[in-house]
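Peer 1: query-v2.tsv (TSV, C-alpha atoms and all ligand atoms) pasted underneath:
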```
chain	number	residue	atom	x	y	z
A	14	MET	CA	-7.50	-29.20	-8.19
A	15	SER	CA	-10.61	-28.34	-6.26
A	16	ARG	CA	-9.95	-30.68	-3.38
A	17	LYS	CA	-12.13	-28.72	-1.07
A	18	SER	CA	-15.40	-29.48	-2.78
A	19	GLU	CA	-14.64	-33.19	-2.87
A	20	LYS	CA	-14.52	-33.48	0.89
A	21	PRO	CA	-17.46	-31.68	2.42
A	22	GLU	CA	-17.01	-33.60	5.68
A	23	TRP	CA	-13.97	-31.47	6.36
A	24	GLY	CA	-15.89	-28.20	6.33
A	25	ILE	CA	-14.92	-26.34	9.46
A	26	ASN	CA	-17.34	-25.01	11.95
A	27	ARG	CA	-15.23	-23.41	14.62
A	28	ARG	CA	-17.39	-24.54	17.54
A	29	THR	CA	-17.23	-28.10	16.34
A	30	VAL	CA	-13.52	-27.85	15.87
A	31	LEU	CA	-13.02	-26.73	19.42
A	32	LYS	CA	-15.04	-29.60	20.78
A	33	SER	CA	-13.19	-32.18	18.78
A	34	ALA	CA	-9.83	-30.67	19.59
A	35	ALA	CA	-10.63	-30.60	23.29
A	36	ALA	CA	-11.88	-34.16	23.22
A	37	ALA	CA	-8.77	-35.29	21.44
A	38	SER	CA	-6.19	-33.72	23.66
A	39	GLY	CA	-7.93	-32.92	26.94
A	40	ALA	CA	-5.76	-31.04	29.36
A	41	GLY	CA	-3.16	-30.44	26.68
A	42	LEU	CA	-5.06	-27.41	25.48
A	43	VAL	CA	-3.02	-24.30	26.01
A	44	GLY	CA	-5.49	-21.54	25.45
A	45	VAL	CA	-8.95	-21.16	24.06
A	46	SER	CA	-9.95	-17.89	22.52
A	47	ALA	CA	-13.38	-16.38	22.72
A	48	SER	CA	-14.04	-17.31	19.12
A	49	GLY	CA	-13.85	-20.97	20.03
A	50	THR	CA	-10.61	-21.85	18.30
A	51	VAL	CA	-7.41	-23.05	19.81
A	52	ALA	CA	-5.04	-20.20	20.46
A	53	ALA	CA	-1.41	-20.77	19.66
A	54	ASP	CA	0.13	-19.82	22.98
A	55	GLY	CA	3.13	-21.99	23.43
A	56	HIS	CA	3.21	-23.09	19.81
A	57	CYS	CA	6.76	-21.93	19.43
A	58	SER	CA	8.14	-24.47	21.84
A	59	ASP	CA	10.46	-26.98	20.26
A	60	ASP	CA	8.28	-29.97	20.96
A	61	CYS	CA	5.11	-28.53	19.49
A	62	ALA	CA	3.60	-28.71	22.95
A	63	ALA	CA	0.29	-27.11	22.15
A	64	ALA	CA	-2.83	-29.04	21.43
A	65	GLU	CA	-3.34	-30.98	18.31
A	66	ALA	CA	-6.13	-29.20	16.58
A	67	CYS	CA	-8.12	-28.85	13.44
A	68	GLU	CA	-7.56	-25.16	13.65
A	69	THR	CA	-5.21	-22.82	15.38
A	70	GLU	CA	-5.08	-19.06	15.23
A	71	VAL	CA	-2.53	-16.38	15.92
A	72	PRO	CA	-2.86	-12.62	15.64
A	73	LEU	CA	-1.39	-10.98	12.54
A	74	CYS	CA	0.72	-8.14	13.90
A	75	ALA	CA	1.92	-5.15	11.91
A	76	ALA	CA	4.87	-3.00	12.94
A	77	GLN	CA	5.48	-5.35	15.88
A	78	ASP	CA	2.53	-4.17	17.94
A	79	ILE	CA	-0.55	-3.43	15.86
A	80	GLU	CA	-2.97	-6.31	15.65
A	81	VAL	CA	-4.42	-6.02	12.17
A	82	GLY	CA	-5.97	-9.44	11.78
A	83	THR	CA	-5.63	-13.15	12.34
A	84	VAL	CA	-3.82	-16.03	10.72
A	85	TYR	CA	-5.72	-19.31	10.91
A	86	VAL	CA	-4.17	-22.67	10.15
A	87	ARG	CA	-6.73	-25.41	9.79
A	88	ARG	CA	-6.93	-28.87	8.43
A	89	SER	CA	-9.26	-28.42	5.53
A	90	GLY	CA	-9.19	-31.86	3.95
A	91	GLU	CA	-7.95	-35.36	4.48
A	92	GLU	CA	-4.52	-34.40	3.19
A	93	GLU	CA	-4.43	-30.64	3.15
A	94	ILE	CA	-4.38	-27.59	5.33
A	95	ASP	CA	-5.52	-24.03	4.77
A	96	VAL	CA	-3.52	-21.05	5.96
A	97	ASN	CA	-5.87	-18.13	6.02
A	98	TYR	CA	-4.95	-14.46	6.48
A	99	GLU	CA	-7.94	-12.46	7.60
A	100	LEU	CA	-7.70	-8.75	8.35
A	101	ASN	CA	-9.86	-7.11	10.98
A	102	ASP	CA	-13.07	-5.77	9.65
A	103	ASP	CA	-13.71	-2.54	11.46
A	104	THR	CA	-14.03	1.05	10.46
A	105	GLU	CA	-11.25	2.29	12.73
A	106	ASN	CA	-8.58	0.39	10.84
A	107	ASP	CA	-8.57	0.26	7.12
A	108	TRP	CA	-5.84	-2.31	6.40
A	109	TYR	CA	-5.23	-4.26	3.22
A	110	LEU	CA	-2.96	-7.14	2.27
A	111	ARG	CA	-0.46	-6.22	-0.44
A	112	GLU	CA	1.83	-9.25	-0.37
A	113	THR	CA	2.06	-12.47	1.59
A	114	HIS	CA	4.99	-14.85	1.99
A	115	LEU	CA	4.40	-18.09	3.79
A	116	TYR	CA	6.61	-20.79	5.20
A	117	VAL	CA	5.00	-24.09	6.04
A	118	GLY	CA	7.55	-26.85	6.50
A	119	THR	CA	9.03	-29.48	8.74
A	120	THR	CA	12.33	-27.70	9.37
A	121	ASP	CA	12.67	-25.29	12.25
A	122	PRO	CA	12.99	-21.90	10.49
A	123	ARG	CA	15.62	-20.89	13.06
A	124	GLU	CA	17.92	-23.28	11.22
A	125	LEU	CA	17.24	-21.39	8.00
A	126	SER	CA	16.81	-17.63	7.89
A	127	SER	CA	14.17	-14.99	8.33
A	128	SER	CA	13.99	-14.05	4.65
A	129	PRO	CA	10.36	-13.99	3.51
A	130	GLY	CA	11.64	-13.84	-0.06
A	131	GLN	CA	12.82	-17.44	0.39
A	132	PHE	CA	9.55	-18.78	1.75
A	133	PRO	CA	8.07	-21.50	-0.44
A	134	PHE	CA	4.65	-19.89	-0.88
A	135	SER	CA	4.02	-16.29	-1.85
A	136	LYS	CA	1.65	-13.92	-3.55
A	137	GLU	CA	2.36	-10.37	-4.63
A	138	ASP	CA	-0.51	-9.77	-6.98
A	139	TYR	CA	-3.27	-8.42	-4.78
A	140	GLY	CA	-3.80	-5.33	-6.94
A	141	ASP	CA	-5.36	-2.59	-4.86
A	142	GLY	CA	-5.27	-4.88	-1.83
A	143	VAL	CA	-7.50	-7.54	-0.32
A	144	THR	CA	-8.65	-8.15	3.24
A	145	GLU	CA	-8.52	-11.93	3.18
A	146	ASP	CA	-6.56	-14.66	1.45
A	147	THR	CA	-6.12	-18.40	1.83
A	148	TYR	CA	-3.38	-20.81	0.83
A	149	THR	CA	-4.47	-24.40	0.47
A	150	ILE	CA	-1.45	-26.65	0.89
A	151	SER	CA	-1.47	-30.39	0.46
A	152	PHE	CA	0.45	-32.60	2.87
A	153	ASP	CA	2.90	-33.59	0.13
A	154	GLU	CA	3.83	-29.93	-0.44
A	155	ILE	CA	5.05	-29.62	3.14
A	156	CYS	CA	8.78	-30.25	3.02
A	157	GLU	CA	12.09	-30.18	4.78
A	158	TYR	CA	14.34	-27.26	3.89
A	159	GLU	CA	18.03	-26.61	4.10
A	160	LEU	CA	20.06	-23.51	3.64
A	161	GLY	CA	21.90	-23.43	0.35
A	162	GLY	CA	24.14	-20.82	-1.24
A	163	GLY	CA	24.28	-17.18	-0.26
A	164	ASN	CA	25.57	-15.52	2.83
A	165	GLY	CA	24.40	-18.17	5.24
A	166	LYS	CA	22.01	-18.01	8.13
A	167	GLY	CA	20.14	-14.75	8.38
A	168	GLY	CA	22.18	-13.32	5.56
A	169	GLY	CA	20.03	-14.11	2.59
A	170	GLY	CA	21.02	-17.74	2.05
A	171	LYS	CA	18.83	-19.61	-0.38
A	172	TRP	CA	16.34	-22.13	0.90
A	173	ASP	CA	16.50	-25.49	-0.87
A	174	VAL	CA	13.97	-28.27	-0.53
A	175	GLY	CA	15.57	-31.04	1.52
A	176	ASP	CA	15.29	-34.79	1.18
A	177	SER	CA	11.71	-35.32	2.18
A	178	CYS	CA	8.28	-33.88	1.58
A	179	GLY	CA	5.01	-34.99	3.07
A	180	VAL	CA	3.42	-34.99	6.51
A	181	ALA	CA	0.74	-36.98	8.28
A	182	GLU	CA	-1.81	-36.54	11.00
A	183	GLY	CA	-0.18	-35.86	14.33
A	184	ASP	CA	2.90	-34.28	12.76
A	185	CYS	CA	4.06	-30.94	13.93
A	186	ILE	CA	4.78	-28.31	11.31
A	187	TRP	CA	6.39	-24.91	11.42
A	188	VAL	CA	4.63	-21.86	10.08
A	189	ALA	CA	6.00	-18.38	9.41
A	190	ALA	CA	3.33	-16.12	7.96
A	191	HIS	CA	4.63	-12.82	6.61
A	192	ALA	CA	2.63	-10.05	5.00
A	193	VAL	CA	3.00	-6.54	3.71
A	194	VAL	CA	-0.09	-4.66	4.74
A	195	ASP	CA	-1.08	-1.10	4.20
A	196	GLU	CA	-3.47	1.24	5.81
A	197	VAL	CA	-5.47	3.81	3.90
A	198	LEU	CA	-4.79	7.07	5.70
A	199	GLU	CA	-6.72	9.20	3.25
A	200	GLU	CA	-9.03	7.99	0.56
A	201	ALA	CA	-8.76	9.46	-2.92
A	202	PRO	CA	-9.65	11.87	-4.32
A	203	TYR	CA	-8.55	14.54	-1.88
A	204	PHE	CA	-7.01	18.00	-2.10
A	205	ALA	CA	-3.46	18.64	-0.94
A	206	ALA	CA	-4.61	20.71	2.05
A	207	ASP	CA	-1.66	19.64	4.20
A	208	ALA	CA	1.04	20.27	1.62
A	209	THR	CA	3.72	22.86	2.27
A	210	TYR	CA	4.67	25.24	-0.51
A	211	GLU	CA	7.15	27.66	-1.97
A	212	ALA	CA	6.35	30.11	-4.73
A	213	GLU	CA	7.60	32.96	-6.79
A	214	GLN	CA	4.81	34.96	-8.31
A	215	GLY	CA	5.20	36.95	-11.53
A	216	VAL	CA	3.36	40.11	-12.54
A	217	LYS	CA	0.49	41.09	-14.79
A	218	LYS	CA	1.16	41.51	-18.47
A	219	ASN	CA	1.05	45.30	-17.94
A	220	GLY	CA	3.83	44.98	-15.36
A	221	ASN	CA	1.63	45.72	-12.35
A	222	ASP	CA	1.46	43.57	-9.24
A	223	ILE	CA	-1.09	40.79	-9.30
A	224	ASP	CA	-4.19	41.47	-7.17
A	225	GLU	CA	-3.71	40.62	-3.52
A	226	ASP	CA	-6.57	38.14	-3.41
A	227	ARG	CA	-4.75	36.09	-6.07
A	228	SER	CA	-1.33	36.24	-4.43
A	229	ASN	CA	-1.37	33.73	-1.57
A	230	PRO	CA	0.17	30.44	-2.73
A	231	GLU	CA	-1.77	28.55	-0.07
A	232	ASP	CA	-4.83	29.28	-2.19
A	233	ALA	CA	-3.36	26.97	-4.85
A	234	LEU	CA	-3.91	23.88	-2.70
A	235	VAL	CA	-7.63	23.37	-2.17
A	236	LYS	CA	-10.21	24.03	-4.83
A	237	ALA	CA	-12.52	26.68	-3.43
A	238	TYR	CA	-13.66	29.07	-6.10
A	239	PRO	CA	-16.22	30.70	-6.06
A	240	ASP	CA	-16.19	30.46	-2.25
A	241	GLY	CA	-12.48	31.08	-1.92
A	242	ASP	CA	-9.37	32.29	-3.64
A	243	PHE	CA	-6.82	30.96	-6.07
A	244	PHE	CA	-3.19	31.76	-6.88
A	245	SER	CA	-2.24	33.39	-10.19
A	246	LEU	CA	1.26	32.45	-11.34
A	247	GLY	CA	1.89	35.58	-13.43
A	248	PHE	CA	4.49	36.54	-16.03
A	249	MET	CA	8.19	36.96	-15.23
A	250	PRO	CA	9.80	40.13	-16.64
A	251	ASP	CA	13.03	39.45	-18.52
A	252	GLY	CA	14.41	42.91	-17.64
A	253	ASP	CA	14.31	43.88	-21.28
A	254	GLY	CA	10.68	44.91	-21.63
A	255	GLY	CA	9.51	41.37	-22.37
A	256	PHE	CA	8.93	38.18	-20.41
A	257	GLU	CA	10.82	35.00	-19.72
A	258	GLU	CA	9.46	31.80	-21.27
A	259	GLU	CA	8.84	30.51	-17.80
A	260	GLY	CA	6.75	32.72	-15.54
A	261	GLY	CA	5.75	32.47	-11.89
A	262	TRP	CA	5.83	29.12	-10.16
A	263	VAL	CA	4.68	27.22	-7.14
A	264	GLU	CA	6.20	24.08	-5.64
A	265	VAL	CA	4.25	21.98	-3.21
A	266	THR	CA	5.53	19.23	-0.94
A	267	PHE	CA	2.88	16.67	-0.18
A	268	ASP	CA	2.19	15.50	3.33
A	269	CYS	CA	1.77	12.01	1.88
A	270	PRO	CA	3.70	11.12	-1.28
A	271	VAL	CA	1.49	10.59	-4.31
A	272	VAL	CA	1.88	7.10	-5.72
A	273	ASN	CA	1.62	6.12	-9.33
A	274	GLY	CA	-1.52	4.01	-9.21
A	275	ASP	CA	-3.86	2.88	-11.94
A	276	GLY	CA	-4.72	5.70	-14.34
A	277	ASP	CA	-4.35	9.40	-13.58
A	278	ASP	CA	-2.75	10.36	-10.29
A	279	LEU	CA	-3.15	14.15	-10.03
A	280	ARG	CA	-5.62	16.77	-11.17
A	281	LEU	CA	-5.11	20.53	-11.23
A	282	TRP	CA	-8.06	22.87	-10.87
A	283	GLU	CA	-7.73	26.25	-12.56
A	284	VAL	CA	-10.07	29.23	-12.75
A	285	THR	CA	-10.97	30.80	-16.07
A	286	PHE	CA	-14.07	32.69	-17.11
A	287	ALA	CA	-14.81	31.59	-20.66
A	288	PRO	CA	-14.21	32.64	-23.34
A	289	TYR	CA	-10.59	33.52	-22.66
A	290	PRO	CA	-7.23	33.04	-24.41
A	291	LEU	CA	-5.02	30.10	-23.55
A	292	GLU	CA	-3.24	30.01	-20.21
A	293	SER	CA	-0.78	27.23	-19.53
A	294	ALA	CA	1.71	25.83	-17.06
A	295	ASP	CA	4.32	23.08	-17.17
A	296	VAL	CA	3.99	20.47	-14.45
A	297	TYR	CA	6.89	18.50	-12.99
A	298	ALA	CA	7.09	15.76	-10.37
A	299	TRP	CA	10.11	15.31	-8.13
A	300	TYR	CA	11.49	11.80	-8.40
A	301	ASP	CA	14.90	10.28	-7.82
A	302	ASP	CA	16.46	13.67	-7.09
A	303	GLU	CA	15.25	15.40	-10.22
A	304	TRP	CA	12.23	17.04	-11.76
A	305	VAL	CA	10.39	14.83	-14.22
A	306	TYR	CA	8.16	16.61	-16.72
A	307	LEU	CA	4.57	15.34	-16.54
A	308	GLY	CA	2.97	17.55	-19.15
A	309	GLN	CA	1.20	20.84	-19.63
A	310	ALA	CA	-1.78	22.07	-17.68
A	311	ASP	CA	-3.97	24.60	-19.44
A	312	ASN	CA	-7.33	26.30	-19.22
A	313	SER	CA	-8.89	24.53	-22.19
A	314	GLY	CA	-10.62	21.77	-20.23
A	315	GLN	CA	-13.46	23.85	-18.98
A	316	GLY	CA	-16.50	22.31	-17.36
A	317	ASP	CA	-15.14	18.78	-17.62
A	318	GLU	CA	-15.93	16.12	-15.09
A	319	GLY	CA	-18.67	18.00	-13.33
A	320	SER	CA	-16.55	21.01	-12.47
A	321	PRO	CA	-18.22	24.39	-11.99
A	322	GLU	CA	-18.22	26.48	-15.12
A	323	ALA	CA	-15.29	28.69	-14.06
A	324	HIS	CA	-13.02	25.72	-13.42
A	325	THR	CA	-10.72	24.11	-15.93
A	326	LEU	CA	-9.16	20.75	-15.21
A	327	SER	CA	-5.89	19.10	-16.21
A	328	THR	CA	-5.06	15.56	-15.17
A	329	PHE	CA	-1.65	13.88	-14.94
A	330	ASP	CA	-0.41	10.35	-14.78
A	331	LEU	CA	2.90	9.69	-13.06
A	332	GLY	CA	3.45	7.12	-15.74
A	333	ASP	CA	2.26	3.87	-17.15
A	334	PRO	CA	4.71	1.02	-16.59
A	335	ALA	CA	3.37	-0.57	-19.80
A	336	ASP	CA	4.41	2.50	-21.81
A	337	GLU	CA	7.91	2.22	-23.27
A	338	ASN	CA	8.41	5.95	-22.67
A	339	TYR	CA	7.57	5.48	-19.03
A	340	ASP	CA	9.77	7.62	-16.85
A	341	GLU	CA	9.27	5.41	-13.87
A	342	VAL	CA	7.92	7.89	-11.37
A	343	GLU	CA	6.77	5.41	-8.78
A	344	SER	CA	5.69	8.12	-6.42
A	345	THR	CA	6.36	11.77	-5.87
A	346	GLU	CA	6.47	14.03	-2.88
A	347	LYS	CA	6.83	17.35	-4.70
A	348	LEU	CA	5.12	19.02	-7.62
A	349	ARG	CA	6.34	22.08	-9.52
A	350	ILE	CA	3.92	24.13	-11.58
A	351	VAL	CA	5.46	26.89	-13.66
A	352	ASP	CA	3.60	29.32	-15.88
A	353	THR	CA	4.17	29.07	-19.64
A	354	THR	CA	1.31	31.31	-20.79
A	355	ASP	CA	2.03	33.19	-24.00
A	356	PRO	CA	1.25	36.82	-23.10
A	357	GLY	CA	0.62	37.65	-26.77
A	358	PRO	CA	-3.15	37.15	-27.05
A	359	HIS	CA	-3.88	38.51	-23.57
A	360	ASN	CA	-4.86	42.01	-22.41
A	361	GLY	CA	-2.78	44.01	-19.94
A	362	ASN	CA	-4.58	42.73	-16.85
A	363	ALA	CA	-3.81	39.09	-17.61
A	364	ASP	CA	-1.95	37.29	-14.81
A	365	GLY	CA	-1.35	33.80	-16.15
A	366	PHE	CA	-2.44	30.38	-14.97
A	367	ASP	CA	-4.80	30.61	-12.00
A	368	LEU	CA	-4.26	27.59	-9.78
A	369	ASP	CA	-7.10	26.88	-7.38
A	370	GLY	CA	-6.51	23.31	-6.26
A	371	ILE	CA	-4.19	20.29	-6.45
A	372	GLU	CA	-6.17	17.11	-6.19
A	373	VAL	CA	-4.64	13.71	-5.48
A	374	LEU	CA	-6.34	10.81	-7.25
A	375	GLN	CA	-4.66	7.93	-5.39
A	376	ASP	CA	-5.20	6.82	-1.81
A	377	CYS	CA	-2.65	7.88	0.76
A	378	THR	CA	-1.44	4.66	2.36
A	379	ALA	CA	1.20	3.54	4.82
A	380	ASP	CA	2.97	0.20	4.33
A	381	GLU	CA	3.88	-2.02	7.25
A	382	THR	CA	5.43	-5.43	7.66
A	383	ALA	CA	3.29	-7.96	9.51
A	384	TRP	CA	3.90	-11.44	10.94
A	385	GLY	CA	1.62	-14.15	12.22
A	386	ASP	CA	2.02	-14.19	16.01
A	387	GLY	CA	4.29	-11.17	15.59
A	388	CYS	CA	3.22	-9.18	18.65
A	389	GLU	CA	4.58	-11.52	21.29
A	390	GLY	CA	5.53	-14.61	19.36
A	391	CYS	CA	8.77	-16.44	18.84
A	392	GLU	CA	11.45	-14.81	16.77
A	393	ILE	CA	13.24	-16.69	14.02
A	394	THR	CA	16.54	-14.91	14.54
A	395	ASP	CA	17.65	-13.59	17.91
A	396	GLY	CA	18.23	-9.90	17.59
A	397	GLY	CA	18.01	-10.05	13.82
A	398	ASN	CA	15.27	-8.80	11.56
A	399	TRP	CA	11.89	-8.99	13.16
A	400	ALA	CA	10.31	-12.24	11.98
A	401	THR	CA	8.24	-14.75	13.92
A	402	TYR	CA	6.99	-18.30	13.60
A	403	PHE	CA	4.55	-20.59	15.31
A	404	GLN	CA	3.74	-24.27	15.20
A	405	TYR	CA	0.75	-26.31	14.25
A	406	SER	CA	0.13	-29.94	15.04
A	407	ILE	CA	-2.09	-31.64	12.53
A	408	GLY	CA	-5.18	-32.82	14.37
A	409	SER	CA	-7.52	-35.69	13.58
A	410	CYS	CA	-10.61	-33.53	13.07
A	411	THR	CA	-13.07	-36.36	13.37
A	501	CA	CA	-0.89	6.49	-12.69
A	502	CA	CA	-7.39	31.50	-15.78
A	503	CA	CA	-7.91	27.46	-3.86
```
What does this structure look like when you write it as structure tokens?
Peer 2:
Amino acid sequence: MSRKSEKPEWGINRRTVLKSAAAASGAGLVGVSASGTVAADGHCSDDCAAAEACETEVPLCAAQDIEVGTVYVRRSGEEEIDVNYELNDDTENDWYLRETHLYVGTTDPRELSSSPGQFPFSKEDYGDGVTEDTYTISFDEICEYELGGGNGKGGGGKWDVGDSCGVAEGDCIWVAAHAVVDEVLEEAPYFAADATYEAEQGVKKNGNDIDEDRSNPEDALVKAYPDGDFFSLGFMPDGDGGFEEEGGWVEVTFDCPVVNGDGDDLRLWEVTFAPYPLESADVYAWYDDEWVYLGQADNSGQGDEGSPEAHTLSTFDLGDPADENYDEVESTEKLRIVDTTDPGPHNGNADGFDLDGIEVLQDCTADETAWGDGCEGCEITDGGNWATYFQYSIGSCT
């Protein structure tokens, strides 16, 4: 259904659009933006008072007051329109579309509800996020809606297609353009420099205190060796001349929760001078009010992945949704690393797993809700959930 390519005469040049829109409706124009398109000021009035136009645009607003992009509605063919979400392209703001839900219809959405989940068009499969997306909607897909079962207006009632579908040139349609957008606050990989921590350090195998330059848990956060220090977990005396199975530990609380993204999500950097007996630690992620075991970190992965020779690396995945054993750790804000080194093969000075850095392998992002014309536009429900709409009158474009 590649309608677009069949009708090259409908290709939109914004300057041309402006001219034709102005010629068609003269003084009816409500506002003209610098980019040469018809701005949608006034498009929420009941009589669709704004100019008929090939194209109209409204700002896409996140969190009610952050302009993150633009929503364009344009006639893109003899019997179709495009609704185009376009995020701002600048280095200050690094926003991505995660989901979009779109209402285009002939019924005033105020008679329905503000539930984006009920909108007739939606996409939730943008993967790692996109900065632009377009819905192409034919005139016969633009319908009346009525509120069906559920809790009624504003309360999650279901939207049913009404008696008629189809619009024509000159008709006024209602648009509610919702999106979930996120901003990359910190790009992966990065070290957990801003994490807070708690720790209980063990002792050396010979029972002595661990060296002072290996005893600050803050040194476990950012990989620094050989230019900085690390934290040795140590062995925990059992009071009976031996050691507990679990030794010293550190718990870190991330500034930004670590999400379970594609592939591995966390990497621990440890310091060992090869050759050396095995040192190990169990690693747990906090999720849903409990610790979920992620696996064992150890000092066997030396020199992997371009690390300096004294570093050993262990990577962890918060889980693969495709794996039937998946524990469903969607994200975690805390990590617990507890020593499990067997003291047996070690000499008396051994002090267990030497944690030098906790590296996050997924971007730190912040989700926001966004609406077309959301900054100052017209709300669907008075005093209800924030949700806005605007109107578009299908212009002649010739
Ligand atoms: Ca993962
Ligand atoms: Ca070590
Ligand atoms: Ca360190």
Peer 1: Ranking A:Asp207, A:Glu182, A:Glu159, A:Glu70 by minimum distance to A:Val235 and counting all atoms listed in the file, which one comes first?
Peer 2: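 Nearest candidate to A:Val235 out of A:Asp207, A:Glu182, A:Glu159, A:Glu70: A:Asp207.
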Peer 1: Given a cut-off of 7 Å, what residues near ligand CA 502 (chain A) show up using all atoms listed in the file, put as a PDB file with C-alpha atoms, keeping the file's coordinate frame?
Peer 2:
```
ATOM      1  CA  GLU A 283      -7.730  26.250 -12.560  1.00  0.00           C
ATOM      2  CA  VAL A 284     -10.070  29.230 -12.750  1.00  0.00           C
ATOM      3  CA  THR A 285     -10.970  30.800 -16.070  1.00  0.00           C
ATOM      4  CA  PHE A 286     -14.070  32.690 -17.110  1.00  0.00           C
ATOM      5  CA  GLU A 292      -3.240  30.010 -20.210  1.00  0.00           C
ATOM      6  CA  ASN A 312      -7.330  26.300 -19.220  1.00  0.00           C
ATOM      7  CA  GLY A 365      -1.350  33.800 -16.150  1.00  0.00           C
ATOM      8  CA  PHE A 366      -2.440  30.380 -14.970  1.00  0.00           C
ATOM      9  CA  ASP A 367      -4.800  30.610 -12.000  1.00  0.00           C
TER      10      ASP A 367
END
```
Peer 1: Using all atoms listed in the file, what are the residues with an atom within 7 Å of ligand CA 503 (chain A), set out as a PDB file with C-alpha atoms, in the frame of the given file?
Peer 2:
```
ATOM      1  CA  ASP A 232      -4.830  29.280  -2.190  1.00  0.00           C
ATOM      2  CA  ALA A 233      -3.360  26.970  -4.850  1.00  0.00           C
ATOM      3  CA  LEU A 234      -3.910  23.880  -2.700  1.00  0.00           C
ATOM      4  CA  VAL A 235      -7.630  23.370  -2.170  1.00  0.00           C
ATOM      5  CA  LYS A 236     -10.210  24.030  -4.830  1.00  0.00           C
ATOM      6  CA  ALA A 237     -12.520  26.680  -3.430  1.00  0.00           C
ATOM      7  CA  TYR A 238     -13.660  29.070  -6.100  1.00  0.00           C
ATOM      8  CA  GLY A 241     -12.480  31.080  -1.920  1.00  0.00           C
ATOM      9  CA  ASP A 242      -9.370  32.290  -3.640  1.00  0.00           C
ATOM     10  CA  PHE A 243      -6.820  30.960  -6.070  1.00  0.00           C
ATOM     11  CA  LEU A 368      -4.260  27.590  -9.780  1.00  0.00           C
ATOM     12  CA  ASP A 369      -7.100  26.880  -7.380  1.00  0.00           C
ATOM     13  CA  GLY A 370      -6.510  23.310  -6.260  1.00  0.00           C
TER      14      GLY A 370
END
```
Peer 1: Counting only C-alpha atoms and all ligand atoms, which residues of chain A fall within 12 Å of ligand CA 501 (chain A), and what is the closest atom pair for each with its distance in Å at one decimal, ordered by chain and rising number, as JSON lines?
Peer 2:
```
{"residue": "A:Val271", "atom": "CA", "partner": "A:CA501", "partner_atom": "CA", "distance": 9.6}
{"residue": "A:Val272", "atom": "CA", "partner": "A:CA501", "partner_atom": "CA", "distance": 7.5}
{"residue": "A:Asn273", "atom": "CA", "partner": "A:CA501", "partner_atom": "CA", "distance": 4.2}
{"residue": "A:Gly274", "atom": "CA", "partner": "A:CA501", "partner_atom": "CA", "distance": 4.3}
{"residue": "A:Asp275", "atom": "CA", "partner": "A:CA501", "partner_atom": "CA", "distance": 4.7}
{"residue": "A:Gly276", "atom": "CA", "partner": "A:CA501", "partner_atom": "CA", "distance": 4.2}
{"residue": "A:Asp277", "atom": "CA", "partner": "A:CA501", "partner_atom": "CA", "distance": 4.6}
{"residue": "A:Asp278", "atom": "CA", "partner": "A:CA501", "partner_atom": "CA", "distance": 4.9}
{"residue": "A:Leu279", "atom": "CA", "partner": "A:CA501", "partner_atom": "CA", "distance": 8.4}
{"residue": "A:Arg280", "atom": "CA", "partner": "A:CA501", "partner_atom": "CA", "distance": 11.4}
{"residue": "A:Leu307", "atom": "CA", "partner": "A:CA501", "partner_atom": "CA", "distance": 11.1}
{"residue": "A:Thr328", "atom": "CA", "partner": "A:CA501", "partner_atom": "CA", "distance": 10.3}
{"residue": "A:Phe329", "atom": "CA", "partner": "A:CA501", "partner_atom": "CA", "distance": 7.8}
{"residue": "A:Asp330", "atom": "CA", "partner": "A:CA501", "partner_atom": "CA", "distance": 4.4}
{"residue": "A:Leu331", "atom": "CA", "partner": "A:CA501", "partner_atom": "CA", "distance": 5.0}
{"residue": "A:Gly332", "atom": "CA", "partner": "A:CA501", "partner_atom": "CA", "distance": 5.3}
{"residue": "A:Asp333", "atom": "CA", "partner": "A:CA501", "partner_atom": "CA", "distance": 6.1}
{"residue": "A:Pro334", "atom": "CA", "partner": "A:CA501", "partner_atom": "CA", "distance": 8.7}
{"residue": "A:Ala335", "atom": "CA", "partner": "A:CA501", "partner_atom": "CA", "distance": 10.9}
{"residue": "A:Asp336", "atom": "CA", "partner": "A:CA501", "partner_atom": "CA", "distance": 11.3}
{"residue": "A:Tyr339", "atom": "CA", "partner": "A:CA501", "partner_atom": "CA", "distance": 10.6}
{"residue": "A:Asp340", "atom": "CA", "partner": "A:CA501", "partner_atom": "CA", "distance": 11.5}
{"residue": "A:Glu341", "atom": "CA", "partner": "A:CA501", "partner_atom": "CA", "distance": 10.3}
{"residue": "A:Val342", "atom": "CA", "partner": "A:CA501", "partner_atom": "CA", "distance": 9.0}
{"residue": "A:Glu343", "atom": "CA", "partner": "A:CA501", "partner_atom": "CA", "distance": 8.7}
{"residue": "A:Ser344", "atom": "CA", "partner": "A:CA501", "partner_atom": "CA", "distance": 9.2}
{"residue": "A:Thr345", "atom": "CA", "partner": "A:CA501", "partner_atom": "CA", "distance": 11.3}
{"residue": "A:Val373", "atom": "CA", "partner": "A:CA501", "partner_atom": "CA", "distance": 10.9}
{"residue": "A:Leu374", "atom": "CA", "partner": "A:CA501", "partner_atom": "CA", "distance": 8.8}
{"residue": "A:Gln375", "atom": "CA", "partner": "A:CA501", "partner_atom": "CA", "distance": 8.3}
{"residue": "A:Asp376", "atom": "CA", "partner": "A:CA501", "partner_atom": "CA", "distance": 11.7}
```
Peer 1: Sorted by chain and rising residue number, list the residues of stretch 157-222 of chain A at most 12 Å from stretch 82-85 of chain A (counting all atoms listed in the file), each with its closest atom pair and distance in Å to one decimal, as a tab-separated table.
Peer 2:
```
residue	atom	partner	partner_atom	distance
A:Val188	CA	A:Val84	CA	10.3
A:Ala189	CA	A:Val84	CA	10.2
A:Ala190	CA	A:Val84	CA	7.7
A:His191	CA	A:Val84	CA	9.9
A:Ala192	CA	A:Val84	CA	10.5
A:Val194	CA	A:Gly82	CA	10.3
```
